[in-house]
>>> print(open('work.pdb').read())   # PDB, C-alpha atoms, pLDDT in the B column
ATOM      1  CA  MET A   1      57.961 -16.184  19.435  1.00 75.00           C
ATOM      2  CA  LEU A   2      57.775 -18.239  16.250  1.00 81.00           C
ATOM      3  CA  ARG A   3      56.860 -21.317  18.290  1.00 83.00           C
ATOM      4  CA  HIS A   4      53.786 -19.531  19.782  1.00 84.00           C
ATOM      5  CA  PHE A   5      52.749 -18.240  16.393  1.00 88.00           C
ATOM      6  CA  ARG A   6      52.972 -21.734  14.869  1.00 91.00           C
ATOM      7  CA  ALA A   7      50.926 -23.246  17.739  1.00 91.00           C
ATOM      8  CA  SER A   8      48.268 -20.531  17.341  1.00 93.00           C
ATOM      9  CA  LEU A   9      48.112 -21.049  13.588  1.00 93.00           C
ATOM     10  CA  VAL A  10      47.774 -24.844  13.977  1.00 94.00           C
ATOM     11  CA  MET A  11      44.956 -24.385  16.527  1.00 95.00           C
ATOM     12  CA  LEU A  12      43.201 -21.879  14.258  1.00 95.00           C
ATOM     13  CA  VAL A  13      43.287 -24.241  11.279  1.00 96.00           C
ATOM     14  CA  LEU A  14      42.310 -27.249  13.399  1.00 96.00           C
ATOM     15  CA  MET A  15      39.357 -25.515  15.112  1.00 96.00           C
ATOM     16  CA  THR A  16      38.183 -23.992  11.831  1.00 96.00           C
ATOM     17  CA  ALA A  17      38.181 -27.419  10.174  1.00 96.00           C
ATOM     18  CA  LEU A  18      36.556 -29.100  13.168  1.00 96.00           C
ATOM     19  CA  LEU A  19      33.986 -26.503  14.264  1.00 96.00           C
ATOM     20  CA  GLY A  20      33.523 -24.581  11.022  1.00 96.00           C
ATOM     21  CA  ILE A  21      33.311 -27.494   8.575  1.00 96.00           C
ATOM     22  CA  ALA A  22      33.091 -30.973  10.130  1.00 96.00           C
ATOM     23  CA  TYR A  23      30.587 -30.178  12.919  1.00 96.00           C
ATOM     24  CA  PRO A  24      28.096 -28.240  10.718  1.00 95.00           C
ATOM     25  CA  LEU A  25      28.219 -30.937   8.023  1.00 94.00           C
ATOM     26  CA  ALA A  26      27.630 -33.644  10.641  1.00 94.00           C
ATOM     27  CA  MET A  27      24.638 -31.742  12.073  1.00 93.00           C
ATOM     28  CA  VAL A  28      23.145 -31.234   8.603  1.00 91.00           C
ATOM     29  CA  GLY A  29      23.560 -34.964   7.935  1.00 92.00           C
ATOM     30  CA  VAL A  30      21.992 -35.986  11.253  1.00 92.00           C
ATOM     31  CA  ALA A  31      19.098 -33.538  10.817  1.00 89.00           C
ATOM     32  CA  GLY A  32      18.491 -34.712   7.246  1.00 89.00           C
ATOM     33  CA  ALA A  33      18.406 -38.346   8.343  1.00 90.00           C
ATOM     34  CA  ALA A  34      16.344 -37.862  11.500  1.00 91.00           C
ATOM     35  CA  PHE A  35      13.933 -35.166  10.261  1.00 89.00           C
ATOM     36  CA  PRO A  36      13.938 -35.228   6.430  1.00 88.00           C
ATOM     37  CA  GLY A  37      10.740 -33.176   6.029  1.00 84.00           C
ATOM     38  CA  GLN A  38      11.797 -30.400   8.387  1.00 84.00           C
ATOM     39  CA  ALA A  39      15.397 -30.347   7.120  1.00 83.00           C
ATOM     40  CA  GLY A  40      14.051 -30.014   3.577  1.00 84.00           C
ATOM     41  CA  GLY A  41      12.013 -26.912   4.454  1.00 83.00           C
ATOM     42  CA  SER A  42       8.683 -28.455   5.567  1.00 87.00           C
ATOM     43  CA  LEU A  43       7.458 -28.248   1.975  1.00 87.00           C
ATOM     44  CA  LEU A  44       3.809 -28.894   1.111  1.00 88.00           C
ATOM     45  CA  GLN A  45       2.732 -30.395  -2.199  1.00 86.00           C
ATOM     46  CA  LYS A  46      -0.437 -30.353  -4.252  1.00 87.00           C
ATOM     47  CA  ASP A  47      -0.793 -32.609  -7.270  1.00 86.00           C
ATOM     48  CA  GLY A  48       2.914 -33.484  -7.063  1.00 87.00           C
ATOM     49  CA  LYS A  49       4.061 -29.849  -7.146  1.00 91.00           C
ATOM     50  CA  VAL A  50       5.512 -27.879  -4.253  1.00 88.00           C
ATOM     51  CA  VAL A  51       3.067 -25.099  -3.345  1.00 88.00           C
ATOM     52  CA  GLY A  52       4.768 -23.698  -0.251  1.00 88.00           C
ATOM     53  CA  SER A  53       6.154 -24.382   3.177  1.00 88.00           C
ATOM     54  CA  SER A  54       4.190 -24.942   6.347  1.00 89.00           C
ATOM     55  CA  LEU A  55       6.633 -22.525   8.018  1.00 89.00           C
ATOM     56  CA  ILE A  56       6.090 -19.464   5.785  1.00 89.00           C
ATOM     57  CA  GLY A  57       2.792 -17.697   5.220  1.00 89.00           C
ATOM     58  CA  GLN A  58       1.339 -16.940   1.814  1.00 90.00           C
ATOM     59  CA  SER A  59      -0.907 -14.202   0.555  1.00 88.00           C
ATOM     60  CA  PHE A  60      -4.459 -15.443  -0.048  1.00 91.00           C
ATOM     61  CA  THR A  61      -6.920 -12.809  -1.233  1.00 88.00           C
ATOM     62  CA  GLY A  62      -9.770 -14.741  -2.871  1.00 91.00           C
ATOM     63  CA  GLU A  63     -13.122 -15.041  -1.128  1.00 94.00           C
ATOM     64  CA  THR A  64     -12.920 -18.847  -1.345  1.00 95.00           C
ATOM     65  CA  TYR A  65      -9.804 -18.980   0.841  1.00 96.00           C
ATOM     66  CA  PHE A  66      -8.924 -18.232   4.423  1.00 97.00           C
ATOM     67  CA  HIS A  67      -6.713 -15.144   4.639  1.00 95.00           C
ATOM     68  CA  GLY A  68      -3.619 -15.068   6.841  1.00 93.00           C
ATOM     69  CA  ARG A  69      -2.141 -12.254   8.877  1.00 92.00           C
ATOM     70  CA  PRO A  70      -0.956  -9.155   7.042  1.00 90.00           C
ATOM     71  CA  SER A  71       2.753  -9.204   6.208  1.00 86.00           C
ATOM     72  CA  ALA A  72       5.077  -6.212   6.598  1.00 80.00           C
ATOM     73  CA  THR A  73       7.958  -7.636   4.555  1.00 81.00           C
ATOM     74  CA  THR A  74       9.369  -5.581   1.716  1.00 77.00           C
ATOM     75  CA  ASP A  75      11.743  -5.884  -1.236  1.00 80.00           C
ATOM     76  CA  THR A  76      13.821  -3.491  -3.292  1.00 81.00           C
ATOM     77  CA  ASP A  77      11.791  -1.393  -5.719  1.00 81.00           C
ATOM     78  CA  PRO A  78      12.733  -2.582  -9.243  1.00 85.00           C
ATOM     79  CA  ALA A  79      12.283   0.965 -10.550  1.00 88.00           C
ATOM     80  CA  ASP A  80      14.398   2.657  -7.852  1.00 88.00           C
ATOM     81  CA  SER A  81      16.914   0.652  -5.822  1.00 85.00           C
ATOM     82  CA  THR A  82      16.957   3.307  -3.085  1.00 85.00           C
ATOM     83  CA  LYS A  83      13.318   2.534  -2.204  1.00 81.00           C
ATOM     84  CA  THR A  84      11.361  -0.495  -1.075  1.00 79.00           C
ATOM     85  CA  VAL A  85       7.983  -1.875  -2.056  1.00 82.00           C
ATOM     86  CA  ALA A  86       5.609  -4.204  -0.228  1.00 81.00           C
ATOM     87  CA  ALA A  87       6.397  -7.882  -0.847  1.00 79.00           C
ATOM     88  CA  PRO A  88       4.140  -9.956   1.412  1.00 84.00           C
ATOM     89  CA  TYR A  89       5.757 -13.026   2.983  1.00 83.00           C
ATOM     90  CA  ASN A  90       9.148 -12.302   1.409  1.00 81.00           C
ATOM     91  CA  ALA A  91      11.329 -14.849   3.215  1.00 78.00           C
ATOM     92  CA  ALA A  92      14.488 -13.122   1.975  1.00 77.00           C
ATOM     93  CA  ASN A  93      13.582 -10.033   4.000  1.00 75.00           C
ATOM     94  CA  SER A  94      11.980 -11.302   7.183  1.00 75.00           C
ATOM     95  CA  ALA A  95      11.143  -8.391   9.454  1.00 69.00           C
ATOM     96  CA  GLY A  96       8.301  -6.539  11.033  1.00 69.00           C
ATOM     97  CA  SER A  97       7.468  -2.949  10.150  1.00 72.00           C
ATOM     98  CA  ASN A  98       9.268  -1.470  13.187  1.00 76.00           C
ATOM     99  CA  LEU A  99       6.240   0.750  13.760  1.00 79.00           C
ATOM    100  CA  GLY A 100       5.367   1.057  17.444  1.00 82.00           C
ATOM    101  CA  PRO A 101       1.938   1.331  19.072  1.00 83.00           C
ATOM    102  CA  THR A 102       2.172   5.139  19.055  1.00 88.00           C
ATOM    103  CA  SER A 103       2.883   5.298  15.299  1.00 87.00           C
ATOM    104  CA  LYS A 104       0.142   7.184  13.467  1.00 91.00           C
ATOM    105  CA  GLY A 105       0.886   5.219  10.296  1.00 86.00           C
ATOM    106  CA  LEU A 106       0.397   1.896  12.068  1.00 85.00           C
ATOM    107  CA  VAL A 107      -2.769   3.009  13.858  1.00 89.00           C
ATOM    108  CA  ASP A 108      -4.241   4.345  10.589  1.00 90.00           C
ATOM    109  CA  ARG A 109      -3.408   1.133   8.702  1.00 87.00           C
ATOM    110  CA  VAL A 110      -4.897  -1.118  11.397  1.00 89.00           C
ATOM    111  CA  LYS A 111      -8.043   1.046  11.620  1.00 91.00           C
ATOM    112  CA  ALA A 112      -8.448   1.000   7.823  1.00 91.00           C
ATOM    113  CA  ASP A 113      -8.011  -2.783   7.695  1.00 89.00           C
ATOM    114  CA  ALA A 114     -10.454  -3.275  10.582  1.00 91.00           C
ATOM    115  CA  ASP A 115     -13.026  -0.966   8.932  1.00 92.00           C
ATOM    116  CA  LYS A 116     -12.654  -2.870   5.647  1.00 91.00           C
ATOM    117  CA  LEU A 117     -13.132  -6.264   7.306  1.00 90.00           C
ATOM    118  CA  GLY A 118     -16.022  -5.277   9.583  1.00 88.00           C
ATOM    119  CA  LYS A 119     -17.043  -5.416  13.218  1.00 88.00           C
ATOM    120  CA  GLY A 120     -15.581  -7.920  15.629  1.00 91.00           C
ATOM    121  CA  VAL A 121     -12.534  -8.699  13.492  1.00 94.00           C
ATOM    122  CA  PRO A 122      -9.911 -10.652  15.478  1.00 94.00           C
ATOM    123  CA  VAL A 123      -6.722  -8.696  16.084  1.00 92.00           C
ATOM    124  CA  ASP A 124      -4.451 -11.098  14.207  1.00 92.00           C
ATOM    125  CA  LEU A 125      -6.277 -10.347  10.940  1.00 93.00           C
ATOM    126  CA  VAL A 126      -5.203  -6.694  11.092  1.00 91.00           C
ATOM    127  CA  THR A 127      -1.773  -6.883  12.768  1.00 89.00           C
ATOM    128  CA  THR A 128       1.474  -8.291  11.422  1.00 85.00           C
ATOM    129  CA  SER A 129       3.708 -10.770  13.199  1.00 83.00           C
ATOM    130  CA  GLY A 130       7.256  -9.912  14.266  1.00 78.00           C
ATOM    131  CA  SER A 131       8.790 -11.756  11.314  1.00 81.00           C
ATOM    132  CA  GLY A 132       6.162 -10.873   8.740  1.00 80.00           C
ATOM    133  CA  LEU A 133       6.132 -14.558   7.721  1.00 86.00           C
ATOM    134  CA  ASP A 134       3.763 -16.130  10.258  1.00 88.00           C
ATOM    135  CA  PRO A 135       1.779 -18.937   8.559  1.00 93.00           C
ATOM    136  CA  HIS A 136      -0.685 -19.292  11.441  1.00 94.00           C
ATOM    137  CA  LEU A 137      -3.896 -17.674  12.626  1.00 95.00           C
ATOM    138  CA  SER A 138      -5.689 -18.018  15.911  1.00 95.00           C
ATOM    139  CA  PRO A 139      -8.650 -20.427  15.820  1.00 97.00           C
ATOM    140  CA  GLU A 140     -10.855 -17.368  16.493  1.00 97.00           C
ATOM    141  CA  ALA A 141      -9.551 -15.594  13.375  1.00 96.00           C
ATOM    142  CA  ALA A 142     -10.156 -18.705  11.274  1.00 97.00           C
ATOM    143  CA  ALA A 143     -13.659 -19.165  12.738  1.00 96.00           C
ATOM    144  CA  TRP A 144     -14.443 -15.505  11.987  1.00 97.00           C
ATOM    145  CA  GLN A 145     -13.806 -16.213   8.282  1.00 97.00           C
ATOM    146  CA  VAL A 146     -15.895 -19.399   8.121  1.00 97.00           C
ATOM    147  CA  PRO A 147     -19.155 -17.704   6.962  1.00 97.00           C
ATOM    148  CA  ARG A 148     -17.392 -15.916   4.068  1.00 96.00           C
ATOM    149  CA  VAL A 149     -15.495 -19.016   2.893  1.00 96.00           C
ATOM    150  CA  ALA A 150     -18.521 -21.301   3.253  1.00 96.00           C
ATOM    151  CA  LYS A 151     -20.729 -18.914   1.259  1.00 96.00           C
ATOM    152  CA  ALA A 152     -18.102 -18.423  -1.480  1.00 95.00           C
ATOM    153  CA  ARG A 153     -17.631 -22.202  -1.839  1.00 95.00           C
ATOM    154  CA  GLY A 154     -21.300 -23.109  -1.468  1.00 94.00           C
ATOM    155  CA  LEU A 155     -20.574 -25.296   1.562  1.00 95.00           C
ATOM    156  CA  PRO A 156     -22.395 -25.630   4.872  1.00 95.00           C
ATOM    157  CA  GLU A 157     -20.743 -23.509   7.566  1.00 96.00           C
ATOM    158  CA  ALA A 158     -20.619 -26.539   9.867  1.00 95.00           C
ATOM    159  CA  GLN A 159     -18.478 -28.433   7.335  1.00 95.00           C
ATOM    160  CA  VAL A 160     -16.010 -25.563   7.002  1.00 96.00           C
ATOM    161  CA  GLN A 161     -15.914 -25.074  10.794  1.00 97.00           C
ATOM    162  CA  ALA A 162     -15.193 -28.802  11.211  1.00 96.00           C
ATOM    163  CA  LEU A 163     -12.274 -28.447   8.782  1.00 96.00           C
ATOM    164  CA  VAL A 164     -10.931 -25.546  10.869  1.00 97.00           C
ATOM    165  CA  ALA A 165     -11.219 -27.684  14.001  1.00 96.00           C
ATOM    166  CA  GLN A 166      -9.344 -30.554  12.285  1.00 96.00           C
ATOM    167  CA  HIS A 167      -6.488 -28.175  11.412  1.00 96.00           C
ATOM    168  CA  THR A 168      -6.234 -26.484  14.801  1.00 96.00           C
ATOM    169  CA  GLU A 169      -2.919 -27.305  16.464  1.00 95.00           C
ATOM    170  CA  GLY A 170      -2.740 -27.190  20.251  1.00 93.00           C
ATOM    171  CA  ARG A 171      -0.038 -25.755  22.468  1.00 93.00           C
ATOM    172  CA  MET A 172       3.388 -27.327  22.043  1.00 90.00           C
ATOM    173  CA  TYR A 173       3.812 -29.993  24.730  1.00 89.00           C
ATOM    174  CA  GLY A 174       0.501 -28.762  26.127  1.00 88.00           C
ATOM    175  CA  LEU A 175       2.240 -25.685  27.582  1.00 89.00           C
ATOM    176  CA  LEU A 176       4.011 -23.493  25.042  1.00 92.00           C
ATOM    177  CA  GLY A 177       2.413 -21.041  22.646  1.00 90.00           C
ATOM    178  CA  GLU A 178      -1.218 -20.677  21.742  1.00 93.00           C
ATOM    179  CA  PRO A 179      -3.572 -22.859  19.703  1.00 96.00           C
ATOM    180  CA  ARG A 180      -3.151 -22.034  16.029  1.00 95.00           C
ATOM    181  CA  VAL A 181      -4.301 -22.888  12.506  1.00 97.00           C
ATOM    182  CA  ASN A 182      -1.877 -23.158   9.575  1.00 96.00           C
ATOM    183  CA  VAL A 183      -3.570 -21.158   6.797  1.00 96.00           C
ATOM    184  CA  LEU A 184      -1.860 -22.883   3.844  1.00 95.00           C
ATOM    185  CA  GLN A 185      -2.660 -26.369   5.157  1.00 95.00           C
ATOM    186  CA  LEU A 186      -6.272 -25.333   5.806  1.00 96.00           C
ATOM    187  CA  ASN A 187      -6.648 -23.894   2.303  1.00 96.00           C
ATOM    188  CA  LEU A 188      -5.110 -27.025   0.759  1.00 94.00           C
ATOM    189  CA  ALA A 189      -7.643 -29.119   2.716  1.00 94.00           C
ATOM    190  CA  LEU A 190     -10.444 -26.894   1.357  1.00 94.00           C
ATOM    191  CA  ASP A 191      -9.242 -27.464  -2.193  1.00 92.00           C
ATOM    192  CA  ALA A 192      -9.147 -31.223  -1.548  1.00 90.00           C
ATOM    193  CA  LEU A 193     -12.857 -31.332  -0.656  1.00 88.00           C
ATOM    194  CA  PRO A 194     -15.042 -33.019  -3.291  1.00 80.00           C
ATOM    195  CA  LYS A 195     -16.490 -30.532  -5.771  1.00 71.00           C
ATOM    196  CA  ARG A 196     -20.217 -29.848  -5.480  1.00 64.00           C
TER
END
>>> encode(input="work.pdb", output="structure tokens")
Amino acid sequence: MLRHFRASLVMLVLMTALLGIAYPLAMVGVAGAAFPGQAGGSLLQKDGKVVGSSLIGQSFTGETYFHGRPSATTDTDPADSTKTVAAPYNAANSAGSNLGPTSKGLVDRVKADADKLGKGVPVDLVTTSGSGLDPHLSPEAAAWQVPRVAKARGLPEAQVQALVAQHTEGRMYGLLGEPRVNVLQLNLALDALPKR
């Protein structure tokens, strides 16, 4: 009996060291060497300062910027730890709202957002993604915002539309996903345009 216990204990320690420590450290090292940008969080910089990640959306509300999808992420209410408050793009609490298509609260919120934005608003400007962190918009949603952004920045619409086209990513491997525009990268490109 003791012999079986000792063999089991040795295997447990050996597999824990091998698969729980050595293998993950090796994979982190390989990923860091092969893909340093991605392994470091796909961070984006402006004027030498980190301003965000290309993988996590940010809340843009100004008229001079493209707005991303709404975010349903929350955080603990600082005034009452038993409640939550809205915290858009909170990466520590990635989740959707869990409201289904028959939820009156969801329908009312989407209708209110659509009414506020106006006719013909693309669906991804009024609906959240599953994670609440999606940094992308459809090219149609970006194009829908071009007149507002161009007017607010005093730029020709054609110039802003060309910038959207430059930042439109195609399907992965030509097959997977949908064409998309990274909102943070697009807004950084807008800020990099020469001032008028």
>>> resolve_selection(input="work.pdb", expression="the PyMOL selection byres ((chain A and resi 142-146) around 12)", output="PDB file with C-alpha atoms, in the frame of the given file")
ATOM      1  CA  GLY A  62      -9.770 -14.741  -2.871  1.00 91.00           C
ATOM      2  CA  GLU A  63     -13.122 -15.041  -1.128  1.00 94.00           C
ATOM      3  CA  THR A  64     -12.920 -18.847  -1.345  1.00 95.00           C
ATOM      4  CA  TYR A  65      -9.804 -18.980   0.841  1.00 96.00           C
ATOM      5  CA  PHE A  66      -8.924 -18.232   4.423  1.00 97.00           C
ATOM      6  CA  HIS A  67      -6.713 -15.144   4.639  1.00 95.00           C
ATOM      7  CA  GLY A  68      -3.619 -15.068   6.841  1.00 93.00           C
ATOM      8  CA  ARG A  69      -2.141 -12.254   8.877  1.00 92.00           C
ATOM      9  CA  LEU A 117     -13.132  -6.264   7.306  1.00 90.00           C
ATOM     10  CA  GLY A 118     -16.022  -5.277   9.583  1.00 88.00           C
ATOM     11  CA  LYS A 119     -17.043  -5.416  13.218  1.00 88.00           C
ATOM     12  CA  GLY A 120     -15.581  -7.920  15.629  1.00 91.00           C
ATOM     13  CA  VAL A 121     -12.534  -8.699  13.492  1.00 94.00           C
ATOM     14  CA  PRO A 122      -9.911 -10.652  15.478  1.00 94.00           C
ATOM     15  CA  VAL A 123      -6.722  -8.696  16.084  1.00 92.00           C
ATOM     16  CA  ASP A 124      -4.451 -11.098  14.207  1.00 92.00           C
ATOM     17  CA  LEU A 125      -6.277 -10.347  10.940  1.00 93.00           C
ATOM     18  CA  HIS A 136      -0.685 -19.292  11.441  1.00 94.00           C
ATOM     19  CA  LEU A 137      -3.896 -17.674  12.626  1.00 95.00           C
ATOM     20  CA  SER A 138      -5.689 -18.018  15.911  1.00 95.00           C
ATOM     21  CA  PRO A 139      -8.650 -20.427  15.820  1.00 97.00           C
ATOM     22  CA  GLU A 140     -10.855 -17.368  16.493  1.00 97.00           C
ATOM     23  CA  ALA A 141      -9.551 -15.594  13.375  1.00 96.00           C
ATOM     24  CA  PRO A 147     -19.155 -17.704   6.962  1.00 97.00           C
ATOM     25  CA  ARG A 148     -17.392 -15.916   4.068  1.00 96.00           C
ATOM     26  CA  VAL A 149     -15.495 -19.016   2.893  1.00 96.00           C
ATOM     27  CA  ALA A 150     -18.521 -21.301   3.253  1.00 96.00           C
ATOM     28  CA  LYS A 151     -20.729 -18.914   1.259  1.00 96.00           C
ATOM     29  CA  ALA A 152     -18.102 -18.423  -1.480  1.00 95.00           C
ATOM     30  CA  ARG A 153     -17.631 -22.202  -1.839  1.00 95.00           C
ATOM     31  CA  GLY A 154     -21.300 -23.109  -1.468  1.00 94.00           C
ATOM     32  CA  LEU A 155     -20.574 -25.296   1.562  1.00 95.00           C
ATOM     33  CA  PRO A 156     -22.395 -25.630   4.872  1.00 95.00           C
ATOM     34  CA  GLU A 157     -20.743 -23.509   7.566  1.00 96.00           C
ATOM     35  CA  ALA A 158     -20.619 -26.539   9.867  1.00 95.00           C
ATOM     36  CA  GLN A 159     -18.478 -28.433   7.335  1.00 95.00           C
ATOM     37  CA  VAL A 160     -16.010 -25.563   7.002  1.00 96.00           C
ATOM     38  CA  GLN A 161     -15.914 -25.074  10.794  1.00 97.00           C
ATOM     39  CA  ALA A 162     -15.193 -28.802  11.211  1.00 96.00           C
ATOM     40  CA  LEU A 163     -12.274 -28.447   8.782  1.00 96.00           C
ATOM     41  CA  VAL A 164     -10.931 -25.546  10.869  1.00 97.00           C
ATOM     42  CA  ALA A 165     -11.219 -27.684  14.001  1.00 96.00           C
ATOM     43  CA  GLN A 166      -9.344 -30.554  12.285  1.00 96.00           C
ATOM     44  CA  HIS A 167      -6.488 -28.175  11.412  1.00 96.00           C
ATOM     45  CA  THR A 168      -6.234 -26.484  14.801  1.00 96.00           C
ATOM     46  CA  PRO A 179      -3.572 -22.859  19.703  1.00 96.00           C
ATOM     47  CA  ARG A 180      -3.151 -22.034  16.029  1.00 95.00           C
ATOM     48  CA  VAL A 181      -4.301 -22.888  12.506  1.00 97.00           C
ATOM     49  CA  ASN A 182      -1.877 -23.158   9.575  1.00 96.00           C
ATOM     50  CA  VAL A 183      -3.570 -21.158   6.797  1.00 96.00           C
ATOM     51  CA  LEU A 184      -1.860 -22.883   3.844  1.00 95.00           C
ATOM     52  CA  LEU A 186      -6.272 -25.333   5.806  1.00 96.00           C
ATOM     53  CA  ASN A 187      -6.648 -23.894   2.303  1.00 96.00           C
ATOM     54  CA  LEU A 190     -10.444 -26.894   1.357  1.00 94.00           C
TER      55      LEU A 190
END
>>> atom_distance(input="work.pdb", atom1="atom CA of Asn90 of chain A", atom2="atom CA of Pro36 of chain A")
24.0 Å
>>> atom_distance(input="work.pdb", atom1="atom CA of Thr128 of chain A", atom2="atom CA of Pro101 of chain A")
12.3 Å
>>> closest_residue(input="work.pdb", among="A:Gly37, A:Gly57, A:Pro24, A:Gly174", to="Ser129 of chain A", atoms="all atoms listed in the file")
A:Gly57
>>> resolve_selection(input="work.pdb", expression="the PyMOL selection byres ((chain A and resi 58) around 8)", output="list in words")
Gly52, Ile56, Gly57, Ser59, Phe60, Gly68, Pro88, Tyr89, Leu133, Pro135 and Leu184 of chain A
>>> atom_distance(input="work.pdb", atom1="atom CA of Leu25 of chain A", atom2="atom CA of Met172 of chain A")
28.7 Å
>>> closest_residue(input="work.pdb", among="A:Pro194, A:Pro70, A:Gly32, A:Gly170", to="Ala86 of chain A", atoms="only C-alpha atoms")
A:Pro70
>>> axis_aligned_box(input="work.pdb", around="segment 126-139 of chain A", padding_each_side="8 Å", output="JSON")
{"center_x": 0.1, "center_y": -13.6, "center_z": 11.8, "size_x": 33.4, "size_y": 29.7, "size_z": 24.2}
>>> build_atoms(input="work.pdb", residues="segment 61-82 of chain A", atoms="N, CA and C atoms", output="tab-separated table (two decimals), keeping the file's coordinate frame")
chain	number	residue	atom	x	y	z
A	61	THR	N	-6.01	-13.95	-1.18
A	61	THR	CA	-6.92	-12.81	-1.23
A	61	THR	C	-8.31	-13.18	-1.72
A	62	GLY	N	-8.48	-14.34	-2.34
A	62	GLY	CA	-9.77	-14.74	-2.87
A	62	GLY	C	-10.79	-15.01	-1.77
A	63	GLU	N	-12.04	-14.82	-2.10
A	63	GLU	CA	-13.12	-15.04	-1.13
A	63	GLU	C	-13.26	-16.51	-0.75
A	64	THR	N	-12.77	-17.42	-1.59
A	64	THR	CA	-12.92	-18.85	-1.34
A	64	THR	C	-11.82	-19.40	-0.44
A	65	TYR	N	-10.92	-18.53	-0.01
A	65	TYR	CA	-9.80	-18.98	0.84
A	65	TYR	C	-9.78	-18.23	2.17
A	66	PHE	N	-9.21	-18.90	3.16
A	66	PHE	CA	-8.92	-18.23	4.42
A	66	PHE	C	-7.73	-17.31	4.20
A	67	HIS	N	-7.80	-16.12	4.76
A	67	HIS	CA	-6.71	-15.14	4.64
A	67	HIS	C	-5.85	-15.21	5.89
A	68	GLY	N	-4.54	-15.07	5.71
A	68	GLY	CA	-3.62	-15.07	6.84
A	68	GLY	C	-3.43	-13.67	7.40
A	69	ARG	N	-2.47	-13.57	8.30
A	69	ARG	CA	-2.14	-12.25	8.88
A	69	ARG	C	-1.54	-11.36	7.81
A	70	PRO	N	-1.67	-10.05	7.96
A	70	PRO	CA	-0.96	-9.15	7.04
A	70	PRO	C	0.56	-9.35	7.21
A	71	SER	N	1.30	-9.07	6.16
A	71	SER	CA	2.75	-9.20	6.21
A	71	SER	C	3.39	-7.85	5.96
A	72	ALA	N	4.40	-7.51	6.74
A	72	ALA	CA	5.08	-6.21	6.60
A	72	ALA	C	6.39	-6.32	5.84
A	73	THR	N	6.67	-7.49	5.25
A	73	THR	CA	7.96	-7.64	4.56
A	73	THR	C	7.99	-6.82	3.27
A	74	THR	N	9.18	-6.42	2.90
A	74	THR	CA	9.37	-5.58	1.72
A	74	THR	C	10.47	-6.16	0.83
A	75	ASP	N	10.66	-5.53	-0.32
A	75	ASP	CA	11.74	-5.88	-1.24
A	75	ASP	C	12.18	-4.60	-1.92
A	76	THR	N	13.31	-4.66	-2.58
A	76	THR	CA	13.82	-3.49	-3.29
A	76	THR	C	12.90	-3.15	-4.45
A	77	ASP	N	12.61	-1.86	-4.62
A	77	ASP	CA	11.79	-1.39	-5.72
A	77	ASP	C	12.56	-1.60	-7.02
A	78	PRO	N	12.01	-2.35	-7.99
A	78	PRO	CA	12.73	-2.58	-9.24
A	78	PRO	C	12.97	-1.30	-10.04
A	79	ALA	N	12.13	-0.30	-9.82
A	79	ALA	CA	12.28	0.96	-10.55
A	79	ALA	C	13.27	1.91	-9.89
A	80	ASP	N	13.50	1.77	-8.58
A	80	ASP	CA	14.40	2.66	-7.85
A	80	ASP	C	15.01	1.89	-6.69
A	81	SER	N	16.27	1.51	-6.82
A	81	SER	CA	16.91	0.65	-5.82
A	81	SER	C	17.12	1.34	-4.47
A	82	THR	N	16.84	2.62	-4.38
A	82	THR	CA	16.96	3.31	-3.08
A	82	THR	C	15.66	3.22	-2.28
